[in-house]
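Reproduced below: model-v5.pdb, with PDB, C-alpha atoms and all ligand atoms.
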MODEL        1
ATOM      1  CA  MET A 304     -23.685  -2.797  58.348
ATOM      2  CA  ASN A 305     -24.227  -6.544  58.612
ATOM      3  CA  LYS A 306     -21.888  -7.985  55.992
ATOM      4  CA  THR A 307     -23.434 -11.423  55.931
ATOM      5  CA  TYR A 308     -27.120 -10.495  55.939
ATOM      6  CA  ARG A 309     -27.655 -13.773  57.753
ATOM      7  CA  PHE A 310     -31.174 -14.520  58.955
ATOM      8  CA  ASP A 311     -32.389 -17.646  60.715
ATOM      9  CA  THR A 312     -35.862 -16.475  61.655
ATOM     10  CA  MET A 313     -38.564 -14.197  60.313
ATOM     11  CA  ALA A 314     -37.786 -11.854  63.207
ATOM     12  CA  ASP A 315     -34.141 -11.685  62.043
ATOM     13  CA  LEU A 316     -35.269 -11.019  58.490
ATOM     14  CA  VAL A 317     -37.553  -8.156  59.487
ATOM     15  CA  ALA A 318     -34.911  -6.711  61.845
ATOM     16  CA  LEU A 319     -32.300  -6.732  59.067
ATOM     17  CA  ALA A 320     -34.658  -5.042  56.637
ATOM     18  CA  GLU A 321     -35.773  -2.437  59.154
ATOM     19  CA  ALA A 322     -32.237  -1.693  60.366
ATOM     20  CA  GLU A 323     -31.198  -0.656  56.868
ATOM     21  CA  ASP A 324     -34.592   0.479  55.637
ATOM     22  CA  ILE A 325     -34.578  -2.019  52.809
ATOM     23  CA  SER A 326     -37.097  -4.540  51.497
ATOM     24  CA  LEU A 327     -37.115  -8.274  52.184
ATOM     25  CA  GLY A 328     -36.146  -8.774  48.552
ATOM     26  CA  GLU A 329     -33.141  -6.494  49.007
ATOM     27  CA  VAL A 330     -32.079  -8.428  52.126
ATOM     28  CA  ALA A 331     -32.242 -11.643  50.108
ATOM     29  CA  LEU A 332     -30.242 -10.063  47.308
ATOM     30  CA  ARG A 333     -27.534  -8.789  49.668
ATOM     31  CA  HIS A 334     -27.499 -12.168  51.421
ATOM     32  CA  GLU A 335     -26.820 -13.929  48.101
ATOM     33  CA  VAL A 336     -24.061 -11.463  47.233
ATOM     34  CA  ALA A 337     -22.546 -11.887  50.705
ATOM     35  CA  LEU A 338     -22.254 -15.630  50.078
ATOM     36  CA  GLY A 339     -19.542 -14.639  47.645
ATOM     37  CA  GLN A 340     -20.463 -16.702  44.597
ATOM     38  CA  LEU A 341     -22.283 -14.073  42.558
ATOM     39  CA  ASP A 342     -22.316 -10.316  42.324
ATOM     40  CA  ARG A 343     -25.471  -8.243  42.483
ATOM     41  CA  ASP A 344     -26.069  -8.177  38.728
ATOM     42  CA  GLU A 345     -25.557 -11.921  38.466
ATOM     43  CA  VAL A 346     -28.083 -12.630  41.215
ATOM     44  CA  LEU A 347     -30.610 -10.373  39.538
ATOM     45  CA  ALA A 348     -29.917 -11.993  36.167
ATOM     46  CA  ALA A 349     -30.424 -15.452  37.690
ATOM     47  CA  MET A 350     -33.748 -14.381  39.150
ATOM     48  CA  ARG A 351     -34.827 -12.825  35.848
ATOM     49  CA  THR A 352     -34.163 -16.204  34.256
ATOM     50  CA  ARG A 353     -36.389 -17.881  36.875
ATOM     51  CA  TRP A 354     -39.199 -15.420  36.129
ATOM     52  CA  ALA A 355     -38.773 -16.003  32.391
ATOM     53  CA  THR A 356     -39.042 -19.764  32.964
ATOM     54  CA  MET A 357     -42.109 -19.265  35.143
ATOM     55  CA  LYS A 358     -43.750 -17.139  32.456
ATOM     56  CA  GLN A 359     -42.908 -19.747  29.844
ATOM     57  CA  SER A 360     -44.461 -22.524  31.945
ATOM     58  CA  MET A 361     -47.634 -20.445  32.320
ATOM     59  CA  GLU A 362     -47.780 -19.947  28.551
ATOM     60  CA  VAL A 363     -47.062 -23.594  27.739
ATOM     61  CA  GLY A 364     -49.704 -24.828  30.151
ATOM     62  CA  LEU A 365     -52.283 -22.419  28.790
ATOM     63  CA  ALA A 366     -51.473 -23.074  25.141
ATOM     64  CA  ALA A 367     -52.420 -26.755  25.157
ATOM     65  CA  PRO A 368     -53.645 -29.431  27.555
ATOM     66  CA  GLN A 369     -50.683 -31.276  29.003
ATOM     67  CA  LYS A 370     -50.387 -35.048  28.988
ATOM     68  CA  THR A 371     -49.697 -35.743  32.627
ATOM     69  CA  MET A 372     -47.919 -38.852  33.901
ATOM     70  CA  GLY A 373     -50.985 -40.237  35.627
ATOM     71  CA  GLY A 374     -53.542 -38.936  33.169
ATOM     72  CA  LEU A 375     -55.663 -37.623  36.041
ATOM     73  CA  SER A 376     -55.782 -34.038  34.803
ATOM     74  CA  HIS A 377     -56.086 -32.696  31.309
ATOM     75  CA  GLY A 378     -56.472 -29.100  30.219
ATOM     76  CA  ALA A 379     -57.698 -27.625  33.509
ATOM     77  CA  GLY A 380     -55.653 -24.465  32.955
ATOM     78  CA  GLN A 381     -57.054 -23.968  29.479
ATOM     79  CA  MET A 382     -60.587 -24.597  30.706
ATOM     80  CA  MET A 383     -60.197 -21.992  33.419
ATOM     81  CA  ALA A 384     -58.666 -19.492  30.998
ATOM     82  CA  GLY A 385     -61.652 -19.859  28.705
ATOM     83  CA  HIS A 386     -64.140 -19.355  31.501
ATOM     84  CA  ARG A 387     -65.912 -16.007  31.832
ATOM     85  CA  PRO A 388     -65.768 -15.047  35.514
ATOM     86  CA  VAL A 389     -69.069 -15.291  37.328
ATOM     87  CA  LEU A 390     -68.135 -14.832  40.978
ATOM     88  CA  SER A 391     -64.718 -13.189  40.733
ATOM     89  CA  ASP A 392     -62.911 -11.226  38.031
ATOM     90  CA  ALA A 393     -60.690 -11.860  35.036
ATOM     91  CA  ILE A 394     -57.447 -11.404  36.945
ATOM     92  CA  ALA A 395     -58.529 -13.819  39.679
ATOM     93  CA  THR A 396     -59.545 -16.447  37.137
ATOM     94  CA  GLY A 397     -56.305 -15.708  35.265
ATOM     95  CA  VAL A 398     -54.398 -16.524  38.460
ATOM     96  CA  MET A 399     -56.340 -19.778  38.843
ATOM     97  CA  ALA A 400     -55.765 -20.679  35.187
ATOM     98  CA  ARG A 401     -52.039 -20.085  35.417
ATOM     99  CA  ALA A 402     -51.619 -22.005  38.663
ATOM    100  CA  LEU A 403     -53.419 -24.954  37.067
ATOM    101  CA  ALA A 404     -51.436 -24.596  33.842
ATOM    102  CA  VAL A 405     -48.029 -24.597  35.524
ATOM    103  CA  ASN A 406     -48.867 -27.505  37.772
ATOM    104  CA  GLU A 407     -50.183 -29.494  34.832
ATOM    105  CA  CYS A 408     -46.861 -28.788  33.109
ATOM    106  CA  SER A 409     -45.120 -30.071  36.207
ATOM    107  CA  ALA A 410     -47.191 -33.258  36.198
ATOM    108  CA  ALA A 411     -46.345 -33.668  32.507
ATOM    109  CA  MET A 412     -42.622 -33.334  33.277
ATOM    110  CA  ARG A 413     -42.390 -30.031  31.431
ATOM    111  CA  ARG A 414     -40.014 -27.299  32.556
ATOM    112  CA  ILE A 415     -41.139 -25.439  35.650
ATOM    113  CA  VAL A 416     -39.485 -23.633  38.560
ATOM    114  CA  ALA A 417     -39.949 -25.503  41.831
ATOM    115  CA  ALA A 418     -41.194 -22.884  44.272
ATOM    116  CA  PRO A 419     -40.512 -24.373  46.695
ATOM    117  CA  THR A 420     -41.354 -27.777  45.143
ATOM    118  CA  ALA A 421     -42.630 -29.057  41.810
ATOM    119  CA  GLY A 422     -45.954 -30.037  43.374
ATOM    120  CA  SER A 423     -46.516 -26.449  44.485
ATOM    121  CA  SER A 424     -44.906 -24.816  41.453
ATOM    122  CA  GLY A 425     -48.031 -23.062  40.157
ATOM    123  CA  ILE A 426     -48.760 -20.861  43.151
ATOM    124  CA  LEU A 427     -45.902 -18.367  43.085
ATOM    125  CA  PRO A 428     -45.831 -17.586  39.338
ATOM    126  CA  ALA A 429     -49.611 -17.331  39.106
ATOM    127  CA  SER A 430     -49.850 -15.148  42.209
ATOM    128  CA  LEU A 431     -47.103 -12.810  41.062
ATOM    129  CA  TRP A 432     -48.633 -12.635  37.586
ATOM    130  CA  GLY A 433     -51.902 -11.557  39.212
ATOM    131  CA  ALA A 434     -50.183  -8.973  41.399
ATOM    132  CA  GLN A 435     -48.326  -7.612  38.378
ATOM    133  CA  GLN A 436     -51.583  -7.264  36.458
ATOM    134  CA  ARG A 437     -53.278  -5.444  39.311
ATOM    135  CA  LEU A 438     -50.345  -3.209  40.216
ATOM    136  CA  GLY A 439     -49.196  -2.557  36.648
ATOM    137  CA  CYS A 440     -45.559  -2.981  37.588
ATOM    138  CA  GLU A 441     -42.536  -3.975  35.520
ATOM    139  CA  ASP A 442     -40.814  -7.349  35.561
ATOM    140  CA  GLU A 443     -38.067  -5.910  37.778
ATOM    141  CA  ALA A 444     -40.590  -5.543  40.602
ATOM    142  CA  VAL A 445     -41.526  -9.198  40.149
ATOM    143  CA  VAL A 446     -37.844 -10.147  40.278
ATOM    144  CA  MET A 447     -37.488  -8.374  43.647
ATOM    145  CA  ALA A 448     -40.691 -10.071  44.824
ATOM    146  CA  LEU A 449     -39.197 -13.432  43.866
ATOM    147  CA  LEU A 450     -36.184 -12.605  46.015
ATOM    148  CA  ALA A 451     -38.500 -11.738  48.913
ATOM    149  CA  ALA A 452     -40.311 -15.044  48.392
ATOM    150  CA  ALA A 453     -36.962 -16.839  48.398
ATOM    151  CA  ALA A 454     -35.992 -15.274  51.732
ATOM    152  CA  LEU A 455     -39.306 -16.274  53.304
ATOM    153  CA  GLY A 456     -39.069 -19.776  51.866
ATOM    154  CA  MET A 457     -35.530 -20.205  53.115
ATOM    155  CA  VAL A 458     -36.537 -19.501  56.707
ATOM    156  CA  MET A 459     -39.470 -21.937  56.498
ATOM    157  CA  ALA A 460     -37.223 -24.602  54.937
ATOM    158  CA  ASN A 461     -34.544 -24.175  57.579
ATOM    159  CA  ARG A 462     -36.852 -23.904  60.596
ATOM    160  CA  ALA A 463     -39.344 -26.570  59.519
ATOM    161  CA  THR A 464     -39.490 -28.320  56.143
ATOM    162  CA  ILE A 465     -40.594 -27.883  52.550
ATOM    163  CA  SER A 466     -41.090 -31.586  51.949
ATOM    164  CA  GLY A 467     -44.524 -33.182  51.730
ATOM    165  CA  ALA A 468     -42.936 -36.451  52.848
ATOM    166  CA  GLN A 469     -41.802 -34.784  56.048
ATOM    167  CA  GLY A 470     -44.498 -32.253  56.797
ATOM    168  CA  GLY A 471     -47.521 -32.965  54.613
ATOM    169  CA  CYS A 472     -48.888 -30.591  52.024
ATOM    170  CA  MET A 473     -48.727 -27.591  54.350
ATOM    171  CA  ALA A 474     -44.954 -27.849  53.864
ATOM    172  CA  GLU A 475     -45.301 -27.609  50.084
ATOM    173  CA  VAL A 476     -48.472 -25.795  49.109
ATOM    174  CA  GLY A 477     -48.678 -24.032  52.476
ATOM    175  CA  VAL A 478     -45.127 -22.750  52.267
ATOM    176  CA  SER A 479     -45.586 -21.756  48.633
ATOM    177  CA  ALA A 480     -48.742 -19.786  49.453
ATOM    178  CA  ALA A 481     -46.925 -18.137  52.362
ATOM    179  CA  MET A 482     -44.007 -17.181  50.110
ATOM    180  CA  ALA A 483     -46.426 -15.769  47.548
ATOM    181  CA  ALA A 484     -48.443 -13.848  50.130
ATOM    182  CA  GLY A 485     -45.391 -12.133  51.604
ATOM    183  CA  ALA A 486     -43.952 -11.402  48.172
ATOM    184  CA  MET A 487     -47.219  -9.938  46.875
ATOM    185  CA  ALA A 488     -47.651  -7.784  49.963
ATOM    186  CA  GLU A 489     -44.155  -6.403  49.498
ATOM    187  CA  MET A 490     -44.813  -5.849  45.794
ATOM    188  CA  ALA A 491     -47.851  -3.810  46.780
ATOM    189  CA  GLY A 492     -45.703  -1.606  49.006
ATOM    190  CA  ALA A 493     -46.084  -3.249  52.405
ATOM    191  CA  PRO A 494     -43.195  -2.757  54.833
ATOM    192  CA  PRO A 495     -41.232  -5.887  55.852
ATOM    193  CA  ASP A 496     -43.180  -6.630  59.043
ATOM    194  CA  VAL A 497     -46.483  -6.451  57.171
ATOM    195  CA  ALA A 498     -45.194  -8.735  54.415
ATOM    196  CA  VAL A 499     -44.210 -11.241  57.097
ATOM    197  CA  HIS A 500     -47.692 -11.022  58.599
ATOM    198  CA  ALA A 501     -49.072 -11.856  55.144
ATOM    199  CA  MET A 502     -46.755 -14.859  55.050
ATOM    200  CA  ALA A 503     -47.871 -15.937  58.536
ATOM    201  CA  LEU A 504     -51.575 -15.525  57.720
ATOM    202  CA  ALA A 505     -51.173 -17.712  54.646
ATOM    203  CA  LEU A 506     -49.141 -20.442  56.344
ATOM    204  CA  LYS A 507     -51.256 -20.509  59.500
ATOM    205  CA  ASN A 508     -54.339 -21.305  57.511
ATOM    206  CA  THR A 509     -52.806 -24.299  55.795
ATOM    207  CA  LEU A 510     -51.686 -26.038  58.998
ATOM    208  CA  GLY A 511     -52.735 -29.675  59.031
ATOM    209  CA  LEU A 512     -53.001 -29.947  55.249
ATOM    210  CA  VAL A 513     -52.070 -33.527  54.452
ATOM    211  CA  CYS A 514     -50.266 -35.000  51.465
ATOM    212  CA  ASP A 515     -52.355 -37.822  50.002
ATOM    213  CA  PRO A 516     -51.851 -37.863  46.227
ATOM    214  CA  ILE A 517     -53.909 -40.442  44.369
ATOM    215  CA  GLY A 518     -51.831 -43.221  42.902
ATOM    216  CA  GLY A 519     -48.644 -41.480  43.932
ATOM    217  CA  TYR A 520     -49.032 -39.059  41.041
ATOM    218  CA  VAL A 521     -48.580 -35.377  41.854
ATOM    219  CA  GLU A 522     -51.906 -34.590  40.219
ATOM    220  CA  VAL A 523     -54.894 -35.122  42.515
ATOM    221  CA  PRO A 524     -55.316 -33.086  44.675
ATOM    222  CA  CYS A 525     -52.144 -31.181  43.801
ATOM    223  CA  ILE A 526     -53.018 -29.462  40.511
ATOM    224  CA  LYS A 527     -56.326 -27.914  41.583
ATOM    225  CA  ARG A 528     -54.898 -27.221  45.025
ATOM    226  CA  ASN A 529     -52.381 -24.878  43.390
ATOM    227  CA  ALA A 530     -55.180 -22.712  41.984
ATOM    228  CA  ILE A 531     -57.076 -22.667  45.250
ATOM    229  CA  PHE A 532     -54.041 -21.748  47.317
ATOM    230  CA  ALA A 533     -52.905 -19.056  44.886
ATOM    231  CA  ILE A 534     -56.157 -17.295  45.750
ATOM    232  CA  HIS A 535     -55.580 -18.109  49.422
ATOM    233  CA  ALA A 536     -52.208 -16.320  49.138
ATOM    234  CA  THR A 537     -53.879 -13.280  47.623
ATOM    235  CA  THR A 538     -56.413 -13.239  50.466
ATOM    236  CA  ALA A 539     -53.631 -13.337  53.070
ATOM    237  CA  ALA A 540     -51.727 -10.531  51.343
ATOM    238  CA  GLU A 541     -54.855  -8.407  51.003
ATOM    239  CA  MET A 542     -55.725  -8.931  54.673
ATOM    240  CA  ALA A 543     -52.227  -7.864  55.750
ATOM    241  CA  LEU A 544     -52.480  -4.778  53.519
ATOM    242  CA  ALA A 545     -55.801  -3.991  55.202
ATOM    243  CA  GLY A 546     -54.025  -3.892  58.561
ATOM    244  CA  ILE A 547     -55.018  -7.352  59.774
ATOM    245  CA  ARG A 548     -52.196  -9.048  61.648
ATOM    246  CA  SER A 549     -51.474 -12.670  62.443
ATOM    247  CA  PHE A 550     -52.226 -13.171  66.147
ATOM    248  CA  VAL A 551     -49.510 -15.831  66.235
ATOM    249  CA  PRO A 552     -46.086 -14.431  65.259
ATOM    250  CA  ALA A 553     -44.642 -15.872  62.042
ATOM    251  CA  ASP A 554     -41.831 -17.788  63.723
ATOM    252  CA  GLN A 555     -44.313 -19.425  66.086
ATOM    253  CA  VAL A 556     -46.515 -20.398  63.141
ATOM    254  CA  ILE A 557     -43.486 -22.059  61.547
ATOM    255  CA  ALA A 558     -42.737 -23.895  64.805
ATOM    256  CA  ALA A 559     -46.349 -25.082  64.888
ATOM    257  CA  MET A 560     -46.025 -26.329  61.306
ATOM    258  CA  LYS A 561     -42.963 -28.335  62.325
ATOM    259  CA  GLU A 562     -44.739 -29.808  65.347
ATOM    260  CA  ILE A 563     -47.839 -30.734  63.336
ATOM    261  CA  GLY A 564     -45.737 -32.212  60.540
ATOM    262  CA  ASP A 565     -43.800 -34.365  62.998
ATOM    263  CA  ALA A 566     -47.056 -35.594  64.551
ATOM    264  CA  MET A 567     -48.766 -36.286  61.215
ATOM    265  CA  PRO A 568     -49.217 -39.992  60.467
ATOM    266  CA  LYS A 569     -46.897 -41.393  57.841
ATOM    267  CA  LYS A 570     -49.842 -42.484  55.718
ATOM    268  CA  LEU A 571     -50.684 -38.805  55.146
ATOM    269  CA  LYS A 572     -47.163 -37.774  54.194
ATOM    270  CA  GLU A 573     -46.726 -38.530  50.496
ATOM    271  CA  THR A 574     -47.044 -42.298  50.842
ATOM    272  CA  SER A 575     -50.479 -42.456  49.163
ATOM    273  CA  GLN A 576     -51.603 -44.838  51.905
ATOM    274  CA  GLY A 577     -54.428 -42.738  53.292
ATOM    275  CA  GLY A 578     -56.799 -39.823  52.786
ATOM    276  CA  LEU A 579     -57.811 -39.111  49.181
ATOM    277  CA  ALA A 580     -55.412 -41.774  47.930
ATOM    278  CA  THR A 581     -57.418 -44.520  49.610
ATOM    279  CA  THR A 582     -60.906 -43.282  48.769
ATOM    280  CA  LEU A 583     -62.864 -45.666  46.555
ATOM    281  CA  ILE A 584     -61.894 -43.752  43.441
ATOM    282  CA  GLY A 585     -58.313 -43.419  44.646
ATOM    283  CA  LEU A 586     -58.082 -47.171  45.078
ATOM    284  CA  GLU A 587     -59.637 -47.691  41.634
ATOM    285  CA  VAL A 588     -56.912 -45.527  40.113
ATOM    286  CA  MET A 589     -54.322 -47.446  42.066
ATOM    287  CA  ALA A 590     -55.714 -50.753  40.788
ATOM    288  CA  ARG A 591     -55.729 -49.508  37.191
ATOM    289  CA  ARG A 592     -52.248 -48.158  37.284
ATOM    290  CA  PRO A 593     -49.153 -49.327  39.070
ATOM    291  CA  ARG A 594     -48.425 -46.981  41.928
ATOM    292  CA  VAL A 595     -45.439 -44.805  41.175
ATOM    293  CA  ASP A 596     -43.046 -43.789  43.856
ATOM    294  CA  HIS A 597     -42.691 -40.089  43.922
ATOM    295  CA  VAL A 598     -40.786 -38.623  41.063
ATOM    296  CA  GLN A 599     -41.478 -35.120  42.292
ATOM    297  CA  GLY A 600     -43.343 -33.558  45.132
TER     298      GLY A 600
HETATM  299  S1  LIG B 701     -50.619 -33.286  48.087
HETATM  300 FE1  LIG B 701     -48.493 -33.925  48.416
HETATM  301  S2  LIG B 701     -47.624 -34.256  46.372
HETATM  302 FE2  LIG B 701     -49.514 -33.013  46.143
HETATM  303  S3  LIG B 701     -48.764 -30.875  46.189
HETATM  304 FE3  LIG B 701     -49.364 -31.428  48.281
HETATM  305  S4  LIG B 701     -47.417 -32.119  49.179
HETATM  306 FE4  LIG B 701     -47.098 -32.149  46.969
ENDMDL
END

Please, can you express the file's structure as structure tokens?
Ligand code: SF4
Amino acid sequence: MNKTYRFDTMADLVALAEAEDISLGEVALRHEVALGQLDRDEVLAAMRTRWATMKQSMEVGLAAPQKTMGGLSHGAGQMMAGHRPVLSDAIATGVMARALAVNECSAAMRRIVAAPTAGSSGILPASLWGAQQRLGCEDEAVVMALLAAAALGMVMANRATISGAQGGCMAEVGVSAAMAAGAMAEMAGAPPDVAVHAMALALKNTLGLVCDPIGGYVEVPCIKRNAIFAIHATTAAEMALAGIRSFVPADQVIAAMKEIGDAMPKKLKETSQGGLATTLIGLEVMARRPRVDHVQG
């Protein structure tokens, strides 16, 4: 038995899980315990607290429009929650509403769980809420899914980056969607290799996504992007469950993300000096309001 449960790559993670016939979430749990700071119950309790905070941020964001720092978004989560689905269904629009709600909370400096960052904090809770609704599972299954998401996120952080300033938005929203996709697939019963394909499918299809927030506020495009990429994560998970595999192995997708992030111009990496930030309306916002340096990302 591997006492450290150390994994540097997605291939390592899958190999560890398969060798002991355990889930990605269980590998993450054993890895945390092996670090020696917390026992199994304490790790699970810590993750339950994260899920409780995520649920609270969804409720807060849905209960009332949030006053965001830049004032560029107001009540999008509530608006979505009050919308009767036309082209999707109530769970899908519920996912969108919650992703918007949490990210509006983030932009209003309310309490959220960065997953992996504040700017992408709506994707994982909203996605897992949706999966829980569809699968009818208990919170404990969500807690294990959060651990799986953490393991996937850790590899992406260590092998590439989870910073918009370093890798563009694919490193924040892309990584978050990839974490959510893998976690949802596992929640739905996918074996570890399939969950990692879900992760790869999600990340691969965010490559090149730039970080160009208007006025330096983590609001436009960030808040609506969370809703859109929560659905993207669900698509990736559903495709993996259908037997569709990423042609490019997950670790190679992560390497490509790193390469693209390194090559991305600085003006598209959280500096608000290009892209949407320097559109006519972006410049108008900038002129109206002093540009803030990033307080979160
Ligand atoms: S656009 Fe930039 S600030 Fe906004 S969520 Fe993406 S990485 Fe974060």

Problem - For ligand LIG 701 (chain B), the nearest of the candidates A:Gly577, A:Gly439, A:Gly492, A:Pro552, counting all atoms listed in the file - result: A:Gly577

Practice task
Write out as a ChimeraX atom specification each polymer residue whose atoms come within 10 Å of Val521 of chain A, counting only C-alpha atoms; drop sequence neighbours fewer than 2 positions from it.
Solution key: /A:371-373,375,406-407,409-411,421-423,514-519,523-526,573,595,597-600

Exercise for the section: Specify as a list of chain:residue names each residue included when the PyMOL selection byres (((chain A and resi 485) around 7) and not hetatm) is applied to this file. Expected result: A:Ala452, A:Ala481, A:Met482, A:Ala483, A:Ala484, A:Ala486, A:Met487, A:Ala488, A:Glu489, A:Ala498, A:Val499, A:Ala501, A:Met502, A:Ala540

Exercise for the section: Could you give me, as a list in words, the residues within 10 Å of Ala331 of chain A, counting all atoms listed in the file and dropping anything in the same chain fewer than 5 positions from it? Expected result: Tyr308, Arg309, Phe310, Leu316, Ala320, Ser326, Val336, Ala337, Val346, Met447, Leu449, Leu450, Ala451, Ala452, Ala453, Ala454, Leu455 and Met457 of chain A

Practice task
Can you work out which one of A:Val588, A:Leu512, A:Met313, A:Ala348 has the shortest atom-to-atom distance to Leu327 of chain A, counting all atoms listed in the file?
Solution key: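 Using all atoms listed in the file, the shortest distance to Leu327 of chain A belongs to A:Met313.
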
Report as a PDB file with C-alpha atoms, in the frame of the given file all protein, DNA and RNA residues lying within 12 Å of Ile415 of chain A, evaluated on all atoms listed in the file, omitting residues in the same chain fewer than 3 positions from it.
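This is the output file part23.pdb:
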ATOM      1  CA  THR A 352     -34.163 -16.204  34.256  1.00  0.00           C
ATOM      2  CA  ARG A 353     -36.389 -17.881  36.875  1.00  0.00           C
ATOM      3  CA  TRP A 354     -39.199 -15.420  36.129  1.00  0.00           C
ATOM      4  CA  ALA A 355     -38.773 -16.003  32.391  1.00  0.00           C
ATOM      5  CA  THR A 356     -39.042 -19.764  32.964  1.00  0.00           C
ATOM      6  CA  MET A 357     -42.109 -19.265  35.143  1.00  0.00           C
ATOM      7  CA  LYS A 358     -43.750 -17.139  32.456  1.00  0.00           C
ATOM      8  CA  GLN A 359     -42.908 -19.747  29.844  1.00  0.00           C
ATOM      9  CA  SER A 360     -44.461 -22.524  31.945  1.00  0.00           C
ATOM     10  CA  MET A 361     -47.634 -20.445  32.320  1.00  0.00           C
ATOM     11  CA  GLU A 362     -47.780 -19.947  28.551  1.00  0.00           C
ATOM     12  CA  VAL A 363     -47.062 -23.594  27.739  1.00  0.00           C
ATOM     13  CA  GLY A 364     -49.704 -24.828  30.151  1.00  0.00           C
ATOM     14  CA  ALA A 402     -51.619 -22.005  38.663  1.00  0.00           C
ATOM     15  CA  ALA A 404     -51.436 -24.596  33.842  1.00  0.00           C
ATOM     16  CA  VAL A 405     -48.029 -24.597  35.524  1.00  0.00           C
ATOM     17  CA  ASN A 406     -48.867 -27.505  37.772  1.00  0.00           C
ATOM     18  CA  GLU A 407     -50.183 -29.494  34.832  1.00  0.00           C
ATOM     19  CA  CYS A 408     -46.861 -28.788  33.109  1.00  0.00           C
ATOM     20  CA  SER A 409     -45.120 -30.071  36.207  1.00  0.00           C
ATOM     21  CA  ALA A 410     -47.191 -33.258  36.198  1.00  0.00           C
ATOM     22  CA  ALA A 411     -46.345 -33.668  32.507  1.00  0.00           C
ATOM     23  CA  MET A 412     -42.622 -33.334  33.277  1.00  0.00           C
ATOM     24  CA  ALA A 418     -41.194 -22.884  44.272  1.00  0.00           C
ATOM     25  CA  PRO A 419     -40.512 -24.373  46.695  1.00  0.00           C
ATOM     26  CA  THR A 420     -41.354 -27.777  45.143  1.00  0.00           C
ATOM     27  CA  ALA A 421     -42.630 -29.057  41.810  1.00  0.00           C
ATOM     28  CA  GLY A 422     -45.954 -30.037  43.374  1.00  0.00           C
ATOM     29  CA  SER A 423     -46.516 -26.449  44.485  1.00  0.00           C
ATOM     30  CA  SER A 424     -44.906 -24.816  41.453  1.00  0.00           C
ATOM     31  CA  GLY A 425     -48.031 -23.062  40.157  1.00  0.00           C
ATOM     32  CA  ILE A 426     -48.760 -20.861  43.151  1.00  0.00           C
ATOM     33  CA  LEU A 427     -45.902 -18.367  43.085  1.00  0.00           C
ATOM     34  CA  PRO A 428     -45.831 -17.586  39.338  1.00  0.00           C
ATOM     35  CA  GLN A 599     -41.478 -35.120  42.292  1.00  0.00           C
TER      36      GLN A 599
END

Problem - Among listed residues A:Ala322, A:Ala460, A:Leu506, A:Ile534, nearest Leu403 of chain A (using all atoms listed in the file) - result: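 Counting all atoms listed in the file, the residue closest to Leu403 of chain A is A:Ile534.
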
Show me, as CSV, the residues of segment 488-577 of chain A having an atom within 10 Å of segment 462-480 of chain A, each with the closest atom pair and its distance in Å, using only C-alpha atoms.
residue,atom,partner,partner_atom,distance
A:Ala501,CA,A:Ala480,CA,9.8
A:Met502,CA,A:Ala480,CA,7.7
A:Ala503,CA,A:Val478,CA,9.7
A:Leu504,CA,A:Ala480,CA,9.7
A:Ala505,CA,A:Ala480,CA,6.1
A:Leu506,CA,A:Gly477,CA,5.3
A:Lys507,CA,A:Gly477,CA,8.3
A:Asn508,CA,A:Gly477,CA,8.1
A:Thr509,CA,A:Gly477,CA,5.3
A:Leu510,CA,A:Met473,CA,5.7
A:Gly511,CA,A:Met473,CA,6.5
A:Leu512,CA,A:Met473,CA,5.0
A:Val513,CA,A:Gly471,CA,4.6
A:Cys514,CA,A:Gly471,CA,4.6
A:Asp515,CA,A:Gly471,CA,8.3
A:Pro516,CA,A:Cys472,CA,9.8
A:Cys525,CA,A:Val476,CA,8.4
A:Arg528,CA,A:Val476,CA,7.7
A:Asn529,CA,A:Val476,CA,7.0
A:Ile531,CA,A:Ala480,CA,9.8
A:Phe532,CA,A:Ala480,CA,6.0
A:Ala533,CA,A:Ala480,CA,6.2
A:Ile534,CA,A:Ala480,CA,8.7
A:His535,CA,A:Ala480,CA,7.0
A:Ala536,CA,A:Ala480,CA,4.9
A:Thr537,CA,A:Ala480,CA,8.5
A:Ala539,CA,A:Ala480,CA,8.9
A:Ala540,CA,A:Ala480,CA,9.9
A:Asp554,CA,A:Arg462,CA,8.5
A:Ile557,CA,A:Ala463,CA,6.5
A:Ala558,CA,A:Ala463,CA,6.8
A:Ala559,CA,A:Ala463,CA,9.0
A:Met560,CA,A:Ala463,CA,6.9
A:Lys561,CA,A:Ala463,CA,4.9
A:Glu562,CA,A:Ala463,CA,8.6
A:Ile563,CA,A:Gly470,CA,7.5
A:Gly564,CA,A:Gly470,CA,3.9
A:Asp565,CA,A:Gly470,CA,6.6
A:Ala566,CA,A:Gly470,CA,8.8
A:Met567,CA,A:Gly470,CA,7.3
A:Pro568,CA,A:Gly471,CA,9.3
A:Lys569,CA,A:Ala468,CA,8.1
A:Lys570,CA,A:Ala468,CA,9.6
A:Leu571,CA,A:Gly471,CA,6.7
A:Lys572,CA,A:Ala468,CA,4.6
A:Glu573,CA,A:Ala468,CA,4.9
A:Thr574,CA,A:Ala468,CA,7.4

Mind working out the centre and edge lengths of an axis-aligned box for ligand LIG 701 (chain B), all listed atoms inside, 3 Å added to each side, rounded to one decimal in Å and written as JSON?
{"center_x": -48.9, "center_y": -32.6, "center_z": 47.7, "size_x": 9.5, "size_y": 9.4, "size_z": 9.0}

Practice task
Compare A:Ala367, A:Ala434, A:Leu544, A:Ala417 by their minimum atom-to-atom distance to ligand LIG 701 (chain B), counting only C-alpha atoms and all ligand atoms, and give me the closest one.
Solution key: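 Among the listed residues, A:Ala417 lies closest to ligand LIG 701 (chain B).
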
Problem - Atomic distance atom CA of Val317 of chain A - atom CA of Val556 of chain A, expressed in Å with one decimal - result: 15.6 Å

Problem - Using all atoms listed in the file: which of A:Ala395, A:Leu347, A:Val330, A:Glu587 has the shortest distance to Val445 of chain A - result: A:Leu347
